[in-house]
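Content type JSON, C-alpha atoms, from the file my_file_22.json:
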[["chain", "number", "residue", "atom", "x", "y", "z"],
["W", 103, "MET", "CA", 19.55, 13.44, 5.60],
["W", 104, "ASP", "CA", 18.49, 10.87, 3.02],
["W", 105, "ARG", "CA", 15.22, 11.03, 1.10],
["W", 106, "ILE", "CA", 13.45, 8.30, 3.08],
["W", 107, "ARG", "CA", 14.19, 9.94, 6.41],
["W", 108, "GLY", "CA", 13.20, 13.29, 4.97],
["W", 109, "LEU", "CA", 9.84, 11.93, 3.85],
["W", 110, "ALA", "CA", 9.03, 10.15, 7.08],
["W", 111, "ALA", "CA", 10.03, 12.93, 9.46],
["W", 112, "ALA", "CA", 9.30, 16.62, 9.74],
["W", 113, "ASP", "CA", 12.09, 19.12, 9.12],
["W", 114, "ASP", "CA", 14.15, 18.63, 12.26],
["W", 115, "ALA", "CA", 17.33, 20.30, 11.05],
["W", 116, "ALA", "CA", 16.65, 23.85, 12.22],
["W", 117, "PRO", "CA", 15.17, 25.21, 15.48],
["W", 118, "ALA", "CA", 13.25, 27.80, 13.45],
["W", 119, "ALA", "CA", 11.56, 25.02, 11.50],
["W", 120, "ARG", "CA", 10.61, 23.24, 14.73],
["W", 121, "ALA", "CA", 9.09, 26.44, 16.07],
["W", 122, "ARG", "CA", 6.81, 26.69, 13.06],
["W", 123, "ARG", "CA", 5.48, 23.14, 13.36],
["W", 124, "PRO", "CA", 1.69, 22.77, 13.37],
["W", 125, "ALA", "CA", -0.09, 20.93, 16.15],
["W", 126, "MET", "CA", 0.48, 17.20, 16.39],
["W", 127, "ILE", "CA", -1.61, 15.12, 13.99],
["W", 128, "LYS", "CA", -4.17, 13.10, 15.92],
["W", 129, "LEU", "CA", -4.47, 9.56, 14.57],
["W", 130, "GLY", "CA", -6.48, 6.42, 15.12],
["W", 131, "VAL", "CA", -5.62, 2.85, 14.13],
["W", 132, "CYS", "CA", -8.22, 0.37, 12.92],
["W", 133, "GLY", "CA", -7.10, -3.24, 13.19],
["W", 134, "ALA", "CA", -4.82, -2.40, 16.09],
["W", 135, "THR", "CA", -4.60, -5.97, 17.39],
["W", 136, "GLY", "CA", -3.14, -7.40, 14.19],
["W", 137, "ARG", "CA", 0.58, -7.52, 13.40],
["W", 138, "MET", "CA", 0.46, -4.49, 11.11],
["W", 139, "GLY", "CA", -1.84, -2.62, 13.47],
["W", 140, "VAL", "CA", 0.47, -3.18, 16.44],
["W", 141, "ALA", "CA", 3.44, -1.94, 14.41],
["W", 142, "ALA", "CA", 1.44, 1.11, 13.27],
["W", 143, "CYS", "CA", 0.49, 2.03, 16.84],
["W", 144, "ARG", "CA", 4.12, 1.84, 17.93],
["W", 145, "ALA", "CA", 5.32, 3.92, 14.98],
["W", 146, "ILE", "CA", 2.70, 6.62, 15.59],
["W", 147, "GLU", "CA", 3.51, 6.79, 19.29],
["W", 148, "ALA", "CA", 7.24, 7.05, 18.54],
["W", 149, "ASP", "CA", 6.89, 9.83, 15.97],
["W", 150, "PRO", "CA", 7.21, 13.38, 17.36],
["W", 151, "ASP", "CA", 4.58, 14.80, 15.00],
["W", 152, "THR", "CA", 1.76, 12.29, 15.57],
["W", 153, "GLU", "CA", -0.41, 11.30, 18.52],
["W", 154, "LEU", "CA", -2.37, 8.07, 18.88],
["W", 155, "LEU", "CA", -5.80, 8.99, 20.22],
["W", 156, "ALA", "CA", -7.76, 5.80, 19.55],
["W", 157, "ALA", "CA", -7.13, 2.21, 18.48],
["W", 158, "ILE", "CA", -9.66, -0.53, 17.86],
["W", 159, "GLY", "CA", -9.53, -4.20, 16.98],
["W", 160, "SER", "CA", -12.01, -6.33, 15.09],
["W", 161, "SER", "CA", -14.76, -5.76, 17.66],
["W", 162, "GLY", "CA", -14.45, -1.97, 17.81],
["W", 163, "SER", "CA", -16.61, 0.63, 16.13],
["W", 164, "ALA", "CA", -15.50, 3.45, 13.82],
["W", 165, "GLU", "CA", -17.66, 5.75, 15.93],
["W", 166, "GLU", "CA", -14.89, 5.61, 18.54],
["W", 167, "PHE", "CA", -12.60, 7.54, 16.19],
["W", 168, "VAL", "CA", -15.23, 10.21, 15.60],
["W", 169, "GLU", "CA", -15.85, 10.57, 19.34],
["W", 170, "ALA", "CA", -12.10, 10.79, 20.03],
["W", 171, "GLY", "CA", -11.71, 13.63, 17.53],
["W", 172, "VAL", "CA", -8.97, 12.09, 15.39],
["W", 173, "ASP", "CA", -7.74, 13.85, 12.26],
["W", 174, "ALA", "CA", -7.19, 10.62, 10.34],
["W", 175, "VAL", "CA", -7.49, 6.85, 10.72],
["W", 176, "VAL", "CA", -4.92, 4.29, 9.57],
["W", 177, "ASP", "CA", -6.67, 1.06, 8.59],
["W", 178, "PHE", "CA", -4.99, -2.36, 8.51],
["W", 179, "THR", "CA", -8.08, -4.57, 8.67],
["W", 180, "VAL", "CA", -9.81, -6.57, 5.93],
["W", 181, "ALA", "CA", -11.99, -5.51, 3.01],
["W", 182, "GLU", "CA", -15.25, -6.30, 4.82],
["W", 183, "ALA", "CA", -14.30, -4.04, 7.73],
["W", 184, "VAL", "CA", -13.34, -1.23, 5.35],
["W", 185, "ARG", "CA", -16.78, -1.39, 3.75],
["W", 186, "GLU", "CA", -18.41, -1.13, 7.17],
["W", 187, "ASN", "CA", -16.19, 1.47, 8.85],
["W", 188, "HIS", "CA", -15.26, 4.01, 6.22],
["W", 189, "PRO", "CA", -18.75, 5.32, 5.46],
["W", 190, "VAL", "CA", -18.79, 6.37, 9.13],
["W", 191, "LEU", "CA", -15.42, 8.12, 8.80],
["W", 192, "SER", "CA", -16.15, 9.86, 5.52],
["W", 193, "ALA", "CA", -19.54, 11.08, 6.75],
["W", 194, "ALA", "CA", -17.79, 12.66, 9.76],
["W", 195, "GLY", "CA", -15.11, 14.30, 7.61],
["W", 196, "VAL", "CA", -12.29, 12.14, 9.02],
["W", 197, "HIS", "CA", -9.34, 11.46, 6.72],
["W", 198, "ALA", "CA", -8.25, 7.88, 6.11],
["W", 199, "VAL", "CA", -5.19, 5.87, 5.11],
["W", 200, "ILE", "CA", -6.09, 2.34, 4.03],
["W", 201, "GLY", "CA", -3.52, -0.43, 3.78],
["W", 202, "THR", "CA", -6.03, -3.24, 3.32],
["W", 203, "SER", "CA", -5.82, -5.84, 0.54],
["W", 204, "GLY", "CA", -8.75, -7.24, -1.38],
["W", 205, "LEU", "CA", -10.49, -4.00, -2.35],
["W", 206, "GLY", "CA", -11.97, -4.02, -5.85],
["W", 207, "ALA", "CA", -13.12, -1.40, -8.32],
["W", 208, "ALA", "CA", -16.56, -1.21, -6.70],
["W", 209, "ASP", "CA", -14.95, -0.55, -3.30],
["W", 210, "LEU", "CA", -12.87, 2.30, -4.74],
["W", 211, "ASP", "CA", -15.96, 3.78, -6.38],
["W", 212, "ALA", "CA", -17.75, 3.65, -3.02],
["W", 213, "LEU", "CA", -14.83, 5.39, -1.31],
["W", 214, "ARG", "CA", -14.78, 8.11, -3.99],
["W", 215, "ALA", "CA", -18.50, 8.65, -3.52],
["W", 216, "GLY", "CA", -18.10, 8.88, 0.25],
["W", 217, "PHE", "CA", -14.97, 10.97, 0.75],
["W", 218, "VAL", "CA", -16.33, 14.34, -0.32],
["W", 219, "ARG", "CA", -15.43, 16.12, 2.95],
["W", 220, "SER", "CA", -12.03, 14.53, 3.60],
["W", 221, "HIS", "CA", -9.32, 12.59, 1.77],
["W", 222, "CYS", "CA", -8.60, 8.88, 1.62],
["W", 223, "ILE", "CA", -5.30, 7.29, 0.55],
["W", 224, "VAL", "CA", -5.55, 3.63, -0.48],
["W", 225, "ALA", "CA", -2.10, 2.04, -0.68],
["W", 226, "PRO", "CA", -1.55, -1.63, -1.57],
["W", 227, "ASN", "CA", 1.92, -1.38, -0.04],
["W", 228, "PHE", "CA", 3.58, 1.18, 2.24],
["W", 229, "ALA", "CA", 7.13, -0.11, 1.79],
["W", 230, "LEU", "CA", 9.02, 2.56, -0.13],
["W", 231, "SER", "CA", 11.09, -0.09, -1.90],
["W", 232, "ALA", "CA", 7.90, -1.77, -3.14],
["W", 233, "VAL", "CA", 6.58, 1.51, -4.51],
["W", 234, "LEU", "CA", 9.86, 2.05, -6.32],
["W", 235, "MET", "CA", 9.83, -1.55, -7.62],
["W", 236, "ALA", "CA", 6.44, -0.98, -9.28],
["W", 237, "ARG", "CA", 7.68, 2.29, -10.74],
["W", 238, "PHE", "CA", 10.82, 0.64, -12.15],
["W", 239, "ALA", "CA", 8.70, -2.14, -13.69],
["W", 240, "ALA", "CA", 6.47, 0.43, -15.42],
["W", 241, "LEU", "CA", 9.53, 2.24, -16.78],
["W", 242, "ALA", "CA", 10.92, -1.02, -18.15],
["W", 243, "ALA", "CA", 7.65, -2.33, -19.60],
["W", 244, "PRO", "CA", 7.77, -0.60, -23.03],
["W", 245, "PHE", "CA", 11.15, -2.18, -23.79],
["W", 246, "PHE", "CA", 10.09, -5.83, -23.47],
["W", 247, "ASP", "CA", 7.67, -8.25, -25.17],
["W", 248, "THR", "CA", 6.84, -10.52, -22.25],
["W", 249, "ALA", "CA", 6.51, -10.16, -18.49],
["W", 250, "GLU", "CA", 5.34, -12.11, -15.45],
["W", 251, "VAL", "CA", 4.79, -11.08, -11.83],
["W", 252, "ILE", "CA", 5.49, -13.42, -8.91],
["W", 253, "GLU", "CA", 4.34, -12.32, -5.47],
["W", 254, "MET", "CA", 5.29, -14.27, -2.33],
["W", 255, "HIS", "CA", 3.76, -13.85, 1.11],
["W", 256, "HIS", "CA", 3.48, -15.51, 4.50],
["W", 257, "GLU", "CA", 1.08, -18.39, 5.07],
["W", 258, "ARG", "CA", -1.47, -16.19, 6.90],
["W", 259, "LYS", "CA", -2.31, -14.02, 3.90],
["W", 260, "THR", "CA", -5.74, -15.17, 2.74],
["W", 261, "ASP", "CA", -6.27, -13.18, -0.47],
["W", 262, "ALA", "CA", -4.50, -13.66, -3.80],
["W", 263, "PRO", "CA", -3.01, -12.09, -5.73],
["W", 264, "SER", "CA", -1.70, -9.30, -3.56],
["W", 265, "GLY", "CA", -2.78, -5.73, -4.08],
["W", 266, "THR", "CA", 0.83, -4.82, -4.84],
["W", 267, "ALA", "CA", 1.03, -7.40, -7.63],
["W", 268, "LEU", "CA", -2.18, -6.11, -9.20],
["W", 269, "ALA", "CA", -1.06, -2.50, -8.91],
["W", 270, "THR", "CA", 2.28, -3.37, -10.48],
["W", 271, "ALA", "CA", 0.63, -5.14, -13.42],
["W", 272, "GLU", "CA", -1.76, -2.22, -13.86],
["W", 273, "ALA", "CA", 1.15, 0.23, -14.02],
["W", 274, "MET", "CA", 2.96, -1.98, -16.54],
["W", 275, "ALA", "CA", -0.16, -2.38, -18.67],
["W", 276, "GLU", "CA", -0.70, 1.38, -18.71],
["W", 277, "ALA", "CA", 2.90, 1.90, -19.82],
["W", 278, "SER", "CA", 2.71, -0.84, -22.46],
["W", 279, "PRO", "CA", -0.79, -2.23, -23.20],
["W", 280, "GLU", "CA", 0.24, -4.94, -25.71],
["W", 281, "TRP", "CA", 2.25, -8.02, -24.81],
["W", 282, "MET", "CA", 3.09, -11.21, -26.70],
["W", 283, "PRO", "CA", 0.31, -13.80, -26.35],
["W", 284, "ASP", "CA", 0.94, -16.71, -24.00],
["W", 285, "PRO", "CA", 2.16, -19.66, -26.13],
["W", 286, "THR", "CA", 0.70, -22.23, -23.71],
["W", 287, "ALA", "CA", -1.76, -24.45, -25.58],
["W", 288, "SER", "CA", -2.77, -26.67, -22.67],
["W", 289, "GLU", "CA", -2.25, -26.99, -18.93],
["W", 290, "THR", "CA", -1.73, -30.40, -17.36],
["W", 291, "LEU", "CA", -2.61, -28.72, -14.08],
["W", 292, "ALA", "CA", -5.27, -26.01, -14.26],
["W", 293, "GLY", "CA", -3.88, -22.65, -13.23],
["W", 294, "ALA", "CA", -0.26, -23.63, -13.75],
["W", 295, "ARG", "CA", 0.30, -20.44, -15.74],
["W", 296, "GLY", "CA", -1.07, -18.24, -12.99],
["W", 297, "GLY", "CA", -3.88, -15.72, -13.09],
["W", 298, "ARG", "CA", -4.28, -13.17, -15.87],
["W", 299, "GLY", "CA", -3.73, -9.61, -14.75],
["W", 300, "PRO", "CA", -4.14, -6.36, -16.70],
["W", 301, "ALA", "CA", -3.13, -6.67, -20.38],
["W", 302, "GLY", "CA", -2.92, -10.42, -19.83],
["W", 303, "ILE", "CA", 0.24, -10.22, -17.72],
["W", 304, "PRO", "CA", 0.45, -13.47, -15.69],
["W", 305, "ILE", "CA", 0.50, -13.11, -11.90],
["W", 306, "HIS", "CA", 1.62, -15.98, -9.68],
["W", 307, "SER", "CA", 1.00, -16.15, -5.92],
["W", 308, "VAL", "CA", 3.12, -18.06, -3.41],
["W", 309, "ARG", "CA", 2.07, -18.62, 0.23],
["W", 310, "LEU", "CA", 4.84, -20.04, 2.40],
["W", 311, "LYS", "CA", 5.95, -20.10, 6.02],
["W", 312, "GLY", "CA", 9.05, -18.01, 6.61],
["W", 313, "LEU", "CA", 8.10, -15.29, 4.14],
["W", 314, "VAL", "CA", 6.89, -11.78, 4.93],
["W", 315, "ALA", "CA", 6.20, -9.92, 1.64],
["W", 316, "HIS", "CA", 8.21, -10.29, -1.55],
["W", 317, "GLN", "CA", 7.69, -9.68, -5.25],
["W", 318, "GLN", "CA", 9.64, -10.03, -8.43],
["W", 319, "VAL", "CA", 8.82, -8.84, -11.91],
["W", 320, "MET", "CA", 10.45, -10.75, -14.75],
["W", 321, "LEU", "CA", 10.61, -9.10, -18.16],
["W", 322, "GLY", "CA", 11.91, -10.82, -21.28],
["W", 323, "GLY", "CA", 12.99, -9.71, -24.72],
["W", 324, "ALA", "CA", 15.07, -11.19, -27.54],
["W", 325, "GLY", "CA", 18.13, -12.75, -25.91],
["W", 326, "GLU", "CA", 17.76, -10.96, -22.56],
["W", 327, "THR", "CA", 15.79, -10.81, -19.34],
["W", 328, "LEU", "CA", 15.42, -8.26, -16.57],
["W", 329, "THR", "CA", 14.36, -9.20, -13.05],
["W", 330, "ILE", "CA", 13.23, -6.55, -10.57],
["W", 331, "ARG", "CA", 12.84, -7.91, -7.05],
["W", 332, "GLN", "CA", 11.73, -6.38, -3.76],
["W", 333, "ASP", "CA", 11.92, -8.08, -0.36],
["W", 334, "THR", "CA", 10.25, -6.99, 2.84],
["W", 335, "ILE", "CA", 11.93, -8.87, 5.68],
["W", 336, "ASP", "CA", 10.26, -7.07, 8.57],
["W", 337, "ARG", "CA", 6.99, -5.17, 9.01],
["W", 338, "SER", "CA", 8.91, -2.13, 10.16],
["W", 339, "ALA", "CA", 9.53, -1.50, 6.44],
["W", 340, "PHE", "CA", 5.91, -0.38, 6.07],
["W", 341, "MET", "CA", 6.02, 2.26, 8.78],
["W", 342, "PRO", "CA", 7.91, 5.17, 7.11],
["W", 343, "GLY", "CA", 5.50, 5.12, 4.17],
["W", 344, "MET", "CA", 2.51, 4.82, 6.47],
["W", 345, "LEU", "CA", 3.65, 7.85, 8.46],
["W", 346, "VAL", "CA", 4.19, 9.88, 5.29],
["W", 347, "ALA", "CA", 0.65, 9.08, 4.15],
["W", 348, "ALA", "CA", -0.87, 9.80, 7.57],
["W", 349, "LYS", "CA", 0.84, 13.18, 7.81],
["W", 350, "ARG", "CA", 0.07, 14.31, 4.29],
["W", 351, "VAL", "CA", -3.52, 13.09, 4.00],
["W", 352, "VAL", "CA", -4.77, 15.71, 6.46],
["W", 353, "ALA", "CA", -3.70, 18.51, 4.11],
["W", 354, "MET", "CA", -5.14, 16.99, 0.93],
["W", 355, "ALA", "CA", -8.37, 18.13, -0.71],
["W", 356, "PRO", "CA", -11.39, 15.81, -0.47],
["W", 357, "GLY", "CA", -11.17, 12.73, -2.66],
["W", 358, "VAL", "CA", -9.33, 9.44, -3.02],
["W", 359, "THR", "CA", -5.73, 8.72, -3.99],
["W", 360, "VAL", "CA", -4.80, 5.17, -4.96],
["W", 361, "GLY", "CA", -1.18, 4.19, -4.36],
["W", 362, "LEU", "CA", 1.65, 5.79, -2.48],
["W", 363, "ALA", "CA", 3.58, 6.84, -5.60],
["W", 364, "GLU", "CA", 1.49, 9.97, -6.16],
["W", 365, "VAL", "CA", 1.83, 10.94, -2.50],
["W", 366, "LEU", "CA", 5.61, 10.57, -2.74],
["W", 367, "GLY", "CA", 5.77, 12.36, -6.08],
["W", 368, "ILE", "CA", 7.35, 9.50, -8.02]]
Would you give me this structure, written as structure tokens?
Amino acid sequence: MDRIRGLAAADDAAPAARARRPAMIKLGVCGATGRMGVAACRAIEADPDTELLAAIGSSGSAEEFVEAGVDAVVDFTVAEAVRENHPVLSAAGVHAVIGTSGLGAADLDALRAGFVRSHCIVAPNFALSAVLMARFAALAAPFFDTAEVIEMHHERKTDAPSGTALATAEAMAEASPEWMPDPTASETLAGARGGRGPAGIPIHSVRLKGLVAHQQVMLGGAGETLTIRQDTIDRSAFMPGMLVAAKRVVAMAPGVTVGLAEVLGI
């Protein structure tokens, strides 16, 4: 059994292991009418260790999850909905897994202040290949002088840059805080050099029909370049990582974890 399957599923190899399984994890999905929410509901219902007890769309209330008695809520809404719903969940001691983009430092501080009875995992991206891509970029960062991040998403994504791009740049900046200054003296078109991420690393956003979620990190040194690229071609790619987070969050001590890498141990 490969590592991805081992992470996403319980130990199914031995009957003795199956006999020792705990009760099914009771989950709710917030944003269940969106594309990611629909995929999450299907994945939870198909998994032998999880049970979907409640699902709400944009007009639902987080109180429904509390009343249903869920162990954790998977959230694929928008930042405004997170700010409204998660104080209700944290106050009730419900765990949370948030896959919403557009959350800032103040939002994370608010989540840390609220989740004192349960745990909250905030993951910019649940695709295991995307988590590994960011890790590889951080490992490579100290060996290069320049770097740029290009993230590409479908035309319905309304925020920019993506949370994954920001998280990648943050990991690279932590690994190597100093980069060569941008030589650009003037821009004929404002913003042509992209936005400035952590440590001044440029981040470029593309919104285009036909895309799902893609990112490449370009690193350059004397006489050489390295390109690390990740492509998500279907939303099913997010489901194994989401299930890992949903299963593990219920056993974690109160608090907030940002990113899936720590949950996966990479």
Rank W:Thr135, W:Ser161, W:Thr270, W:Thr152 by their smallest atom-to-atom distance to Gly299 in chain W, using all atoms listed in the file, and report the top residue only. W:Thr270
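Counting only C-alpha atoms, the residue from W:Arg219, W:Met126, W:Glu166, W:Ser264 that sits nearest to Gly206 in chain W is W:Ser264.
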Between W:Gly130, W:Gly136, W:Gly367, W:Gly293, smallest distance to Glu165 in chain W by only C-alpha atoms belongs to W:Gly130
Polymer residues at most 9 Å from Ala277 in chain W, all atoms listed in the file, same-chain spacing of 6 or more positions, as a ChimeraX atom specification: /W:240-244
Neighbouring residues of Ala269 in chain W were defined as those with any atom within 12 Å, considering only C-alpha atoms; residues of the same chain fewer than 2 positions away were excluded. Please report them as an MDAnalysis selection string. chainID W and resid 203:206 224:227 232:233 235:237 239:240 251 253 263:267 271:276 299:300 303 305 317 360:363
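Considering all atoms listed in the file, the residue among W:Leu321, W:Ala348, W:Ala183, W:Cys222 positioned nearest to Ala142 in chain W is W:Ala348.
For Pro189 in chain W, the residues within 8 Å (counting all atoms listed in the file, excluding itself and residues fewer than 4 positions away along the chain) are Arg185, Ala193, Leu213 and Gly216 of chain W.
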Using all atoms listed in the file, collect all residues at a distance of at most 12 Å from (-19.2, 2.6, 11.7) as written in the file, then present them as a ChimeraX atom specification. /W:132,158,160-169,182-194
